[in-house]
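Report on the structure given below.
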Amino acid sequence: MTIKTVATRPVDGQKPGTSGLRKKTDVFMTPGYLENYVQAIFEGVGGIAGKTLVVGGDGRFFNDRAIQTILKMAAASGAARLIVGQNGLFSTPAASNVIRKRGAFGGLILSASHNPGGLHGDFGLKFNMANGGPANEAVTAEIFARTKSIAEYAIFDAPDVDLSALGETMIGDSAIEVVDPVTDYAELMETLFDFDLISAMFRDGFTMRFDAMHAATGPYAKAILEERLGAAPGTVVNAVPLPDFGGGHPDPNPIYAKELYDLMAGPDAPDMGAASDGDGDRNIVIGRGAVVTPSDSLAMIAASAHLAKGYTRGLSGVARSMPTSAAVDRVAEKLGIACYETPTGWKFFGNLLDTGMITLCGEESAGTGSDHVREKDGLWAVLMWLNIQAARKETIAEIQTAHWAEFGRTFYTRHDYEAVDSEAAGGLMAHLRSRLSVLPGTTAAGLEIASADDFAYADPVDGSLTTGQGIRIGFASGERLVFRLSGTGTEGATIRVYIEKFEPDPARHGEDAQVALAGVIAAAEALAGIASRTGRTAPDVVT
Ligand code: G16
């Protein structure tokens with residue numbers, strides 16, 4: 001086995017987005033593309049000689065090939081140990097846990113999250129740091145800088161490692177340790193939640209469907225829900241991870257998890273429906289006839305988390321990404337704890353979690369998590385909801401109704417316009433930005449605008465400033481609109497419009513969100529001219 005040094009040239013566009021580098025799979029498979037980016041990571045993080053790294057992904061097409069390349073390159077760069085999930089699999093939160101538990105220097109996580117896989121689907125790669133969380137902005141900037149000056153990369157000329165067998169092999173002086181991806185994660189969950197209480201609920205006839213969408217969470221959900229907690233066999237559906245996600249789109253939203261949403265709205269609904277995404281960090285929770293929005297889920301978990309054994313001490317604080325609804329703010333106020341508003345991207349929660357300023361955080365994009373790892377965690381959220389139901393002896397619908405009665409309901413929806421012409425999307429945002437100073441005091445579709453800004457965040461721990469994070473429009477009557485461009489898409493631009501309105505009156509809490517928000521939706525169109533600028537008259541996805 002020898003180390004090869006291969007001459008290469010910078011490739012354009014290897015700038016990490018909201019969560020690492022995401023591109024079409026066939027782009028990632030272009031000779032040298034992956035290698036350039038991996039070498040840039042190794043150099044951008046200050047070198048990996050003598051270090052331990054965790055490596056794994058969500059099992060999508062090219063996961064297996066990419067991991068072999070990464071292992072050979074890491075060995076060539078002198079890594080001491082590479083901890084790899086069996087068959088190259090790790091859910092993102094499980095990888096975060098292993099990084100923390102094993103005291104690793106960091107990890108490489110291969111996933112394009114909820115985006116479809118396959119040669120013409122999406123692929124992604126990100127670096128997580130020693131705290132288990134996605135690299136911060138300073139590190140991703142350093143990685144990007146290296147992609148622009150790279151001239152060569154190093155790789156071991158070695159046979160592939162058998163990743164199906166647990167145990168240890170060597171590439172040169174680097175140990176490759178293949179581990180069961182589920183064990184450590186399941187152990188962690190057992191320290192956080194009352195497994196006996198949840199088991200008893202299942203024994204008493206509680207029914208559930210968990211849709212793993214043929215993605216990373218399947219083995220975890222089977223092991224924890226069915227084997228440890230005693231949920232009926234077959235509770236976890238689509239449990240086997242497949243490189244093409246069974247031809248599906250592993251996003252637990254109302255479009256791609258429609259079957260689950262339909263089941264939960266119908267006469268044969270189990271007590272609880274849940275799903276997670278490609279890499280297992282997102283979640284959706286649905287009660288019988290009661291969809292819980294991710295923003296509400298965060299607020300409801302914040303209000304009841306103390307019922308789970310890992311959280312009996314209460315919450316030190318909470319955080320939400322800026323576009324997430326203010327439902328959790330109202331809970332924080334009542335609990336007398338701080339609530340932080342961060343830019344979109346889990347990496348921005350890292351410092352708050354590391355310093356103990358927050359215990360819980362979440363995002364409108366189906367992400368909820370706590371200080372147990374440094375990623376959002378789909379199965380954790382599902383277990384939290386199971387624990388809360390078992391402890392309160394109430395259904396999700398009852399918990400939701402009671403929560404709204406106590407705190408008011410924040411109607412919320414997000415409208416996505418996908419694969420929009422990048423110039424048109426950029427023009428729409430630039431137009432809004434140019435009008436920020438003149439908007440307050442004017443009206444849009446009859447609603448008076450009280451405030452308008454472009455969100456900027458000064459990290460309270462390290463003082464770093466992040467600007468240009470989305471246009472916020474606040475209305476005098478309390479509604480809010482946010483416009484931003486997605487940082488995870490791989491085709492054109494995705495415009496996200498986030499729409500919310502607070503409703504204190506319980507008599508109105510049963511309204512359909514799209515109906516309740518119709519006036520604010522009209523204001524969004526009046527302000528941004530989405531139809532005229534993009535040619536789109538309706539969103540592609542409504543969550
Ligand atoms: C990533 C980030 C999340 C973010 C989401 C959507 O999640 O970790 O913080 O909310 O992307 O980002 P955007 O609105 O820029 O597309 P995931 O699940 O895709 O890794």
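Residues are referred to by chain and number: the chain letter is A, B, ... according to the order shown in the structure tokens, the number counts from 1 in that chain, and ligands are numbered separately from 1 in the order shown.
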In stretch 74-216 of chain A, DSSP helix (DSSP H, G or I) residues written as a ChimeraX atom specification: /A:74-76,92-101,137-149,183-192,195-203
File of the preceding selection, N, CA and C atoms, as a tab-separated table (two decimals), in the first residue's frame:
```
chain	number	residue	atom	x	y	z
A	74	ALA	N	-8.11	9.96	4.32
A	74	ALA	CA	-7.83	10.28	5.73
A	74	ALA	C	-6.58	9.54	6.20
A	75	ALA	N	-6.45	8.29	5.75
A	75	ALA	CA	-5.25	7.52	6.13
A	75	ALA	C	-4.00	8.17	5.52
A	76	ALA	N	-4.13	8.62	4.29
A	76	ALA	CA	-2.98	9.27	3.64
A	76	ALA	C	-2.61	10.57	4.34
A	92	THR	N	-27.42	11.17	11.20
A	92	THR	CA	-26.65	12.36	11.58
A	92	THR	C	-26.58	12.54	13.10
A	93	PRO	N	-27.71	12.43	13.83
A	93	PRO	CA	-27.57	12.58	15.29
A	93	PRO	C	-26.73	11.48	15.92
A	94	ALA	N	-26.78	10.26	15.37
A	94	ALA	CA	-25.95	9.18	15.94
A	94	ALA	C	-24.47	9.47	15.71
A	95	ALA	N	-24.14	10.02	14.54
A	95	ALA	CA	-22.74	10.39	14.28
A	95	ALA	C	-22.29	11.46	15.27
A	96	SER	N	-23.17	12.43	15.50
A	96	SER	CA	-22.85	13.49	16.45
A	96	SER	C	-22.56	12.90	17.83
A	97	ASN	N	-23.38	11.94	18.21
A	97	ASN	CA	-23.20	11.29	19.52
A	97	ASN	C	-21.86	10.56	19.60
A	98	VAL	N	-21.52	9.83	18.54
A	98	VAL	CA	-20.27	9.06	18.58
A	98	VAL	C	-19.06	10.00	18.64
A	99	ILE	N	-19.13	11.10	17.91
A	99	ILE	CA	-18.02	12.07	17.96
A	99	ILE	C	-17.80	12.51	19.41
A	100	ARG	N	-18.91	12.82	20.08
A	100	ARG	CA	-18.81	13.32	21.46
A	100	ARG	C	-18.36	12.21	22.42
A	101	LYS	N	-18.99	11.06	22.28
A	101	LYS	CA	-18.73	9.97	23.21
A	101	LYS	C	-17.29	9.48	23.12
A	137	GLU	N	-19.06	28.90	11.04
A	137	GLU	CA	-18.82	29.69	9.84
A	137	GLU	C	-17.34	29.95	9.59
A	138	ALA	N	-16.57	30.13	10.66
A	138	ALA	CA	-15.14	30.40	10.48
A	138	ALA	C	-14.46	29.19	9.85
A	139	VAL	N	-14.83	28.00	10.29
A	139	VAL	CA	-14.21	26.79	9.75
A	139	VAL	C	-14.67	26.53	8.31
A	140	THR	N	-15.97	26.72	8.05
A	140	THR	CA	-16.43	26.46	6.67
A	140	THR	C	-15.80	27.49	5.71
A	141	ALA	N	-15.55	28.70	6.20
A	141	ALA	CA	-14.89	29.69	5.34
A	141	ALA	C	-13.47	29.24	5.02
A	142	GLU	N	-12.81	28.65	6.00
A	142	GLU	CA	-11.44	28.17	5.81
A	142	GLU	C	-11.44	27.00	4.81
A	143	ILE	N	-12.43	26.12	4.94
A	143	ILE	CA	-12.52	24.98	4.01
A	143	ILE	C	-12.75	25.50	2.59
A	144	PHE	N	-13.66	26.45	2.47
A	144	PHE	CA	-13.95	27.01	1.15
A	144	PHE	C	-12.69	27.65	0.54
A	145	ALA	N	-11.95	28.37	1.39
A	145	ALA	CA	-10.72	29.01	0.90
A	145	ALA	C	-9.77	27.95	0.32
A	146	ARG	N	-9.67	26.81	1.01
A	146	ARG	CA	-8.77	25.74	0.52
A	146	ARG	C	-9.24	25.18	-0.81
A	147	THR	N	-10.57	25.12	-1.02
A	147	THR	CA	-11.05	24.59	-2.31
A	147	THR	C	-10.60	25.48	-3.47
A	148	LYS	N	-10.32	26.74	-3.14
A	148	LYS	CA	-9.97	27.67	-4.22
A	148	LYS	C	-8.47	27.69	-4.54
A	149	SER	N	-7.68	27.05	-3.66
A	149	SER	CA	-6.23	27.09	-3.92
A	149	SER	C	-5.62	25.70	-4.04
A	183	THR	N	-26.05	1.00	18.61
A	183	THR	CA	-25.87	0.72	20.05
A	183	THR	C	-25.70	1.97	20.91
A	184	ASP	N	-24.72	2.80	20.59
A	184	ASP	CA	-24.44	3.98	21.44
A	184	ASP	C	-25.63	4.91	21.49
A	185	TYR	N	-26.28	5.07	20.33
A	185	TYR	CA	-27.42	5.99	20.27
A	185	TYR	C	-28.57	5.48	21.14
A	186	ALA	N	-28.85	4.18	21.03
A	186	ALA	CA	-29.95	3.62	21.82
A	186	ALA	C	-29.67	3.76	23.31
A	187	GLU	N	-28.41	3.57	23.69
A	187	GLU	CA	-28.03	3.73	25.10
A	187	GLU	C	-28.27	5.15	25.57
A	188	LEU	N	-27.92	6.10	24.72
A	188	LEU	CA	-28.11	7.51	25.09
A	188	LEU	C	-29.60	7.81	25.30
A	189	MET	N	-30.42	7.30	24.38
A	189	MET	CA	-31.87	7.58	24.50
A	189	MET	C	-32.42	7.02	25.81
A	190	GLU	N	-31.88	5.89	26.21
A	190	GLU	CA	-32.37	5.27	27.44
A	190	GLU	C	-32.04	6.11	28.67
A	191	THR	N	-31.00	6.95	28.57
A	191	THR	CA	-30.68	7.82	29.72
A	191	THR	C	-31.58	9.05	29.76
A	192	LEU	N	-32.23	9.34	28.65
A	192	LEU	CA	-33.01	10.59	28.57
A	192	LEU	C	-34.51	10.37	28.80
A	195	PHE	N	-38.12	4.71	29.59
A	195	PHE	CA	-38.48	3.58	28.73
A	195	PHE	C	-39.56	2.70	29.37
A	196	ASP	N	-39.51	2.55	30.69
A	196	ASP	CA	-40.53	1.69	31.35
A	196	ASP	C	-41.92	2.28	31.17
A	197	LEU	N	-42.00	3.59	31.35
A	197	LEU	CA	-43.30	4.26	31.23
A	197	LEU	C	-43.84	4.15	29.80
A	198	ILE	N	-42.95	4.33	28.84
A	198	ILE	CA	-43.37	4.26	27.43
A	198	ILE	C	-43.76	2.82	27.08
A	199	SER	N	-42.96	1.86	27.57
A	199	SER	CA	-43.29	0.44	27.32
A	199	SER	C	-44.67	0.12	27.85
A	200	ALA	N	-44.95	0.61	29.07
A	200	ALA	CA	-46.25	0.32	29.69
A	200	ALA	C	-47.37	0.89	28.81
A	201	MET	N	-47.13	2.04	28.23
A	201	MET	CA	-48.15	2.65	27.37
A	201	MET	C	-48.40	1.76	26.14
A	202	PHE	N	-47.32	1.24	25.56
A	202	PHE	CA	-47.49	0.33	24.42
A	202	PHE	C	-48.22	-0.94	24.86
A	203	ARG	N	-47.86	-1.44	26.04
A	203	ARG	CA	-48.53	-2.66	26.54
A	203	ARG	C	-50.03	-2.43	26.72
```
Counting only C-alpha atoms, which residues of stretch 26-111 of chain A sit at most 10 Å from some atom of stretch 234-253 of chain A, and what is each one's closest atom pair with its distance in Å to one decimal, listed by chain and rising residue number, as a tab-separated table?
```
residue	atom	partner	partner_atom	distance
A:Asp58	CA	A:Pro241	CA	7.9
A:Gly59	CA	A:Pro243	CA	5.6
A:Arg60	CA	A:Pro243	CA	4.0
A:Phe61	CA	A:Pro243	CA	4.5
A:Phe62	CA	A:Pro243	CA	7.9
A:Asn63	CA	A:Pro243	CA	8.0
A:Asp64	CA	A:Pro243	CA	9.4
A:Leu89	CA	A:Pro241	CA	9.0
```
I need the chosen residues saved as a JSON list (two decimals), in the first residue's frame, with N, CA and C atoms.
```
[["chain", "number", "residue", "atom", "x", "y", "z"],
["A", 58, "ASP", "N", -26.01, 8.56, 5.25],
["A", 58, "ASP", "CA", -27.40, 8.09, 5.29],
["A", 58, "ASP", "C", -27.66, 6.95, 4.31],
["A", 59, "GLY", "N", -26.61, 6.47, 3.66],
["A", 59, "GLY", "CA", -26.76, 5.28, 2.83],
["A", 59, "GLY", "C", -27.24, 5.56, 1.42],
["A", 60, "ARG", "N", -27.32, 6.82, 1.06],
["A", 60, "ARG", "CA", -27.80, 7.13, -0.30],
["A", 60, "ARG", "C", -26.77, 6.70, -1.35],
["A", 61, "PHE", "N", -27.22, 6.62, -2.56],
["A", 61, "PHE", "CA", -26.40, 6.25, -3.71],
["A", 61, "PHE", "C", -25.07, 7.02, -3.67],
["A", 62, "PHE", "N", -23.96, 6.32, -3.80],
["A", 62, "PHE", "CA", -22.60, 6.86, -3.78],
["A", 62, "PHE", "C", -22.03, 6.96, -2.36],
["A", 63, "ASN", "N", -22.88, 6.74, -1.33],
["A", 63, "ASN", "CA", -22.39, 6.75, 0.05],
["A", 63, "ASN", "C", -21.21, 5.77, 0.21],
["A", 64, "ASP", "N", -21.42, 4.54, -0.29],
["A", 64, "ASP", "CA", -20.40, 3.50, -0.10],
["A", 64, "ASP", "C", -19.09, 3.84, -0.80],
["A", 89, "LEU", "N", -23.09, 3.36, 7.42],
["A", 89, "LEU", "CA", -24.31, 4.07, 7.85],
["A", 89, "LEU", "C", -24.16, 4.70, 9.23]]
```
Pairwise distance for atom CA of A:Asp160 and atom CA of A:Thr5, rounded to one decimal in Å: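 Atom CA of A:Thr5 lies 18.2 Å from atom CA of A:Asp160.
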Protein and nucleic acid residues within 8 Å of ligand 1 (only C-alpha atoms and all ligand atoms) as a ChimeraX atom specification: /A:17-19,111-115,277,279,281-282,321,344-347,363-367,375-376,484-489,494,496
Who sits within 9 Å of stretch 505-512 of chain A, only C-alpha atoms, same chain under 6 positions skipped, as number ranges by chain: A: 401, 404-405, 408-411
May I have the residues from that selection written out with N, CA, C and O atoms, as a compact mmCIF listing (two decimals), in the first residue's frame?
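Saved as selection-v4.txt:
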```
# COMPACT_ATOMS: atom_id res chain seq x y z
N THR A 401 -54.42 21.04 22.03
CA THR A 401 -55.54 21.93 22.34
C THR A 401 -55.28 22.67 23.65
O THR A 401 -55.50 23.88 23.77
N TRP A 404 -52.56 25.38 23.16
CA TRP A 404 -53.07 26.58 22.50
C TRP A 404 -53.95 27.40 23.46
O TRP A 404 -53.91 28.62 23.46
N ALA A 405 -54.75 26.68 24.28
CA ALA A 405 -55.63 27.40 25.21
C ALA A 405 -54.79 28.19 26.22
O ALA A 405 -55.12 29.32 26.58
N GLY A 408 -52.06 30.47 23.61
CA GLY A 408 -52.49 31.03 22.33
C GLY A 408 -51.94 30.18 21.21
O GLY A 408 -51.00 29.40 21.41
N ARG A 409 -52.55 30.28 20.02
CA ARG A 409 -52.04 29.51 18.88
C ARG A 409 -51.29 30.44 17.92
O ARG A 409 -51.78 31.53 17.61
N THR A 410 -50.15 29.99 17.47
CA THR A 410 -49.43 30.74 16.45
C THR A 410 -49.65 30.01 15.13
O THR A 410 -49.04 28.97 14.88
N PHE A 411 -50.55 30.54 14.32
CA PHE A 411 -50.77 29.94 13.01
C PHE A 411 -49.50 30.11 12.20
O PHE A 411 -48.87 31.17 12.22
```
Near-stretch 306-315 of chain A list (7 Å; only C-alpha atoms; drop same-chain fewer than 4 positions) as a list in words: Thr191, Leu192, Phe193, Asp194, Ile358, Thr359, Asn387, Ile388 and Ala391 of chain A
Test item: residues at most 7 Å from stretch 77-83 of chain A, only C-alpha atoms, excluding those fewer than 2 positions along its chain, as a list in words: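 Neighbouring residues, sequence-local ones excluded: Ile48, Ala49, Gly50, Lys51, Thr52, Leu53, Val54, Val55, Met73, Ala74, Ala75, Gly85, Ala154, Asp173, Ser174, Ala175, Ile176, Glu177, Val178 and Val179 of chain A.
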Store the residues picked out above in a file with all heavy atoms, as a compact mmCIF listing (two decimals), in the first residue's frame.
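Result saved to again_23.txt:
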```txt
# COMPACT_ATOMS: atom_id res chain seq x y z
N ILE A 48 -5.30 16.59 10.01
CA ILE A 48 -5.93 15.51 10.80
C ILE A 48 -4.90 14.48 11.26
O ILE A 48 -5.29 13.43 11.76
CB ILE A 48 -7.05 14.83 9.98
CG1 ILE A 48 -6.51 14.25 8.66
CG2 ILE A 48 -8.21 15.78 9.73
CD1 ILE A 48 -7.41 13.21 8.06
N ALA A 49 -3.63 14.78 11.11
CA ALA A 49 -2.60 13.81 11.51
C ALA A 49 -2.75 13.46 12.99
O ALA A 49 -2.89 14.35 13.84
CB ALA A 49 -1.21 14.38 11.23
N GLY A 50 -2.79 12.16 13.27
CA GLY A 50 -2.88 11.70 14.65
C GLY A 50 -4.26 11.82 15.26
O GLY A 50 -4.46 11.51 16.44
N LYS A 51 -5.25 12.26 14.47
CA LYS A 51 -6.59 12.52 15.03
C LYS A 51 -7.54 11.34 14.79
O LYS A 51 -7.33 10.51 13.90
CB LYS A 51 -7.19 13.77 14.37
CG LYS A 51 -6.28 15.00 14.44
CD LYS A 51 -6.60 15.83 15.65
CE LYS A 51 -5.58 16.88 16.01
NZ LYS A 51 -5.47 17.97 15.08
N THR A 52 -8.63 11.34 15.57
CA THR A 52 -9.70 10.36 15.36
C THR A 52 -10.88 11.05 14.70
O THR A 52 -11.29 12.14 15.12
CB THR A 52 -10.15 9.79 16.72
OG1 THR A 52 -9.07 9.05 17.28
CG2 THR A 52 -11.36 8.87 16.57
N LEU A 53 -11.40 10.43 13.66
CA LEU A 53 -12.56 10.99 12.94
C LEU A 53 -13.67 9.94 12.87
O LEU A 53 -13.40 8.75 12.77
CB LEU A 53 -12.18 11.37 11.51
CG LEU A 53 -11.22 12.54 11.31
CD1 LEU A 53 -10.85 12.64 9.84
CD2 LEU A 53 -11.85 13.85 11.78
N VAL A 54 -14.90 10.42 12.90
CA VAL A 54 -16.06 9.55 12.72
C VAL A 54 -16.54 9.73 11.27
O VAL A 54 -16.58 10.86 10.77
CB VAL A 54 -17.17 9.93 13.72
CG1 VAL A 54 -18.46 9.17 13.44
CG2 VAL A 54 -16.69 9.66 15.15
N VAL A 55 -16.88 8.63 10.61
CA VAL A 55 -17.31 8.72 9.21
C VAL A 55 -18.57 7.88 9.00
O VAL A 55 -18.64 6.72 9.42
CB VAL A 55 -16.21 8.21 8.24
CG1 VAL A 55 -16.64 8.42 6.79
CG2 VAL A 55 -14.87 8.91 8.50
N MET A 73 -8.17 8.61 1.89
CA MET A 73 -7.57 9.95 1.95
C MET A 73 -7.23 10.32 3.40
O MET A 73 -6.19 10.94 3.66
CB MET A 73 -8.52 10.99 1.36
CG MET A 73 -8.61 10.89 -0.17
SD MET A 73 -9.61 12.21 -0.89
CE MET A 73 -8.63 13.66 -0.49
N ALA A 74 -8.11 9.96 4.32
CA ALA A 74 -7.83 10.28 5.73
C ALA A 74 -6.58 9.54 6.20
O ALA A 74 -5.75 10.09 6.93
CB ALA A 74 -9.04 9.92 6.59
N ALA A 75 -6.45 8.29 5.75
CA ALA A 75 -5.25 7.52 6.13
C ALA A 75 -4.00 8.17 5.52
O ALA A 75 -2.97 8.29 6.19
CB ALA A 75 -5.40 6.07 5.65
N GLY A 85 -19.55 3.73 10.72
CA GLY A 85 -20.75 2.94 10.97
C GLY A 85 -20.76 1.73 10.05
O GLY A 85 -20.31 1.79 8.91
N ALA A 154 -3.86 13.76 -1.41
CA ALA A 154 -3.15 12.50 -1.13
C ALA A 154 -4.17 11.40 -0.85
O ALA A 154 -5.18 11.64 -0.18
CB ALA A 154 -2.24 12.68 0.07
N ASP A 173 -0.98 3.24 8.68
CA ASP A 173 -0.95 3.30 10.15
C ASP A 173 -2.29 3.71 10.74
O ASP A 173 -2.39 3.97 11.94
CB ASP A 173 0.12 4.30 10.60
CG ASP A 173 1.51 3.81 10.26
OD1 ASP A 173 1.68 2.57 10.18
OD2 ASP A 173 2.40 4.67 10.06
N SER A 174 -3.32 3.84 9.92
CA SER A 174 -4.62 4.29 10.43
C SER A 174 -5.52 3.11 10.72
O SER A 174 -5.72 2.25 9.86
CB SER A 174 -5.32 5.18 9.39
OG SER A 174 -4.48 6.24 9.01
N ALA A 175 -6.08 3.11 11.94
CA ALA A 175 -7.02 2.04 12.30
C ALA A 175 -8.40 2.40 11.77
O ALA A 175 -8.86 3.54 11.93
CB ALA A 175 -7.06 1.89 13.82
N ILE A 176 -9.04 1.44 11.11
CA ILE A 176 -10.41 1.63 10.64
C ILE A 176 -11.29 0.76 11.52
O ILE A 176 -11.18 -0.47 11.48
CB ILE A 176 -10.59 1.19 9.16
CG1 ILE A 176 -9.44 1.69 8.28
CG2 ILE A 176 -11.95 1.63 8.64
CD1 ILE A 176 -9.36 3.16 8.06
N GLU A 177 -12.12 1.39 12.32
CA GLU A 177 -12.94 0.66 13.30
C GLU A 177 -14.40 0.71 12.84
O GLU A 177 -15.00 1.78 12.78
CB GLU A 177 -12.77 1.34 14.67
CG GLU A 177 -13.57 0.70 15.77
CD GLU A 177 -13.45 1.49 17.09
OE1 GLU A 177 -12.54 2.34 17.22
OE2 GLU A 177 -14.30 1.28 17.95
N VAL A 178 -14.93 -0.45 12.49
CA VAL A 178 -16.32 -0.50 12.03
C VAL A 178 -17.21 -0.82 13.24
O VAL A 178 -17.01 -1.83 13.91
CB VAL A 178 -16.50 -1.56 10.92
CG1 VAL A 178 -17.96 -1.60 10.46
CG2 VAL A 178 -15.59 -1.24 9.74
N VAL A 179 -18.15 0.07 13.53
CA VAL A 179 -18.99 -0.09 14.73
C VAL A 179 -20.46 -0.23 14.36
O VAL A 179 -20.90 0.22 13.29
CB VAL A 179 -18.83 1.11 15.69
CG1 VAL A 179 -17.37 1.25 16.13
CG2 VAL A 179 -19.32 2.41 15.06
```
Closest of A:Asp180, A:Gly336, A:Glu152, A:Lys23 to A:Asn87 - atom-to-atom distances counting only C-alpha atoms: A:Asp180
Which of A:Ala425, A:Ile301, A:Leu263, A:Ala450 sits closest to A:Gln389 [using only C-alpha atoms]: A:Ile301
Residue nearest A:Ile530 - candidates A:His120, A:His415, A:Arg374, A:Arg433, atoms counted: only C-alpha atoms: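 That would be A:His415, the residue with the smallest distance to A:Ile530.
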DSSP-assigned strand (DSSP E or B) members of stretch 475-527 of chain A, reported as a PyMOL selection string: chain A and resi 475+480-485+493-503
Separation of atom CA of A:Ala458 from atom CA of A:Val482, in Å and rounded to one decimal: 19.0 Å
Point-to-point distance in Å for atom CA of A:Val45 and atom CA of A:Gly121: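 Those two atoms sit 28.4 Å apart.
Minimum atom-to-atom distances from A:Pro233, A:Gly478, A:Gln469, A:Tyr256 to A:Ser451 were compared using only C-alpha atoms, and the lowest value belongs to A:Gly478.
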Residue nearest A:Ala452 - candidates A:Pro181, A:Pro323, A:Pro267, A:Pro440, atoms counted: only C-alpha atoms: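 The closest residue to A:Ala452 is A:Pro440.
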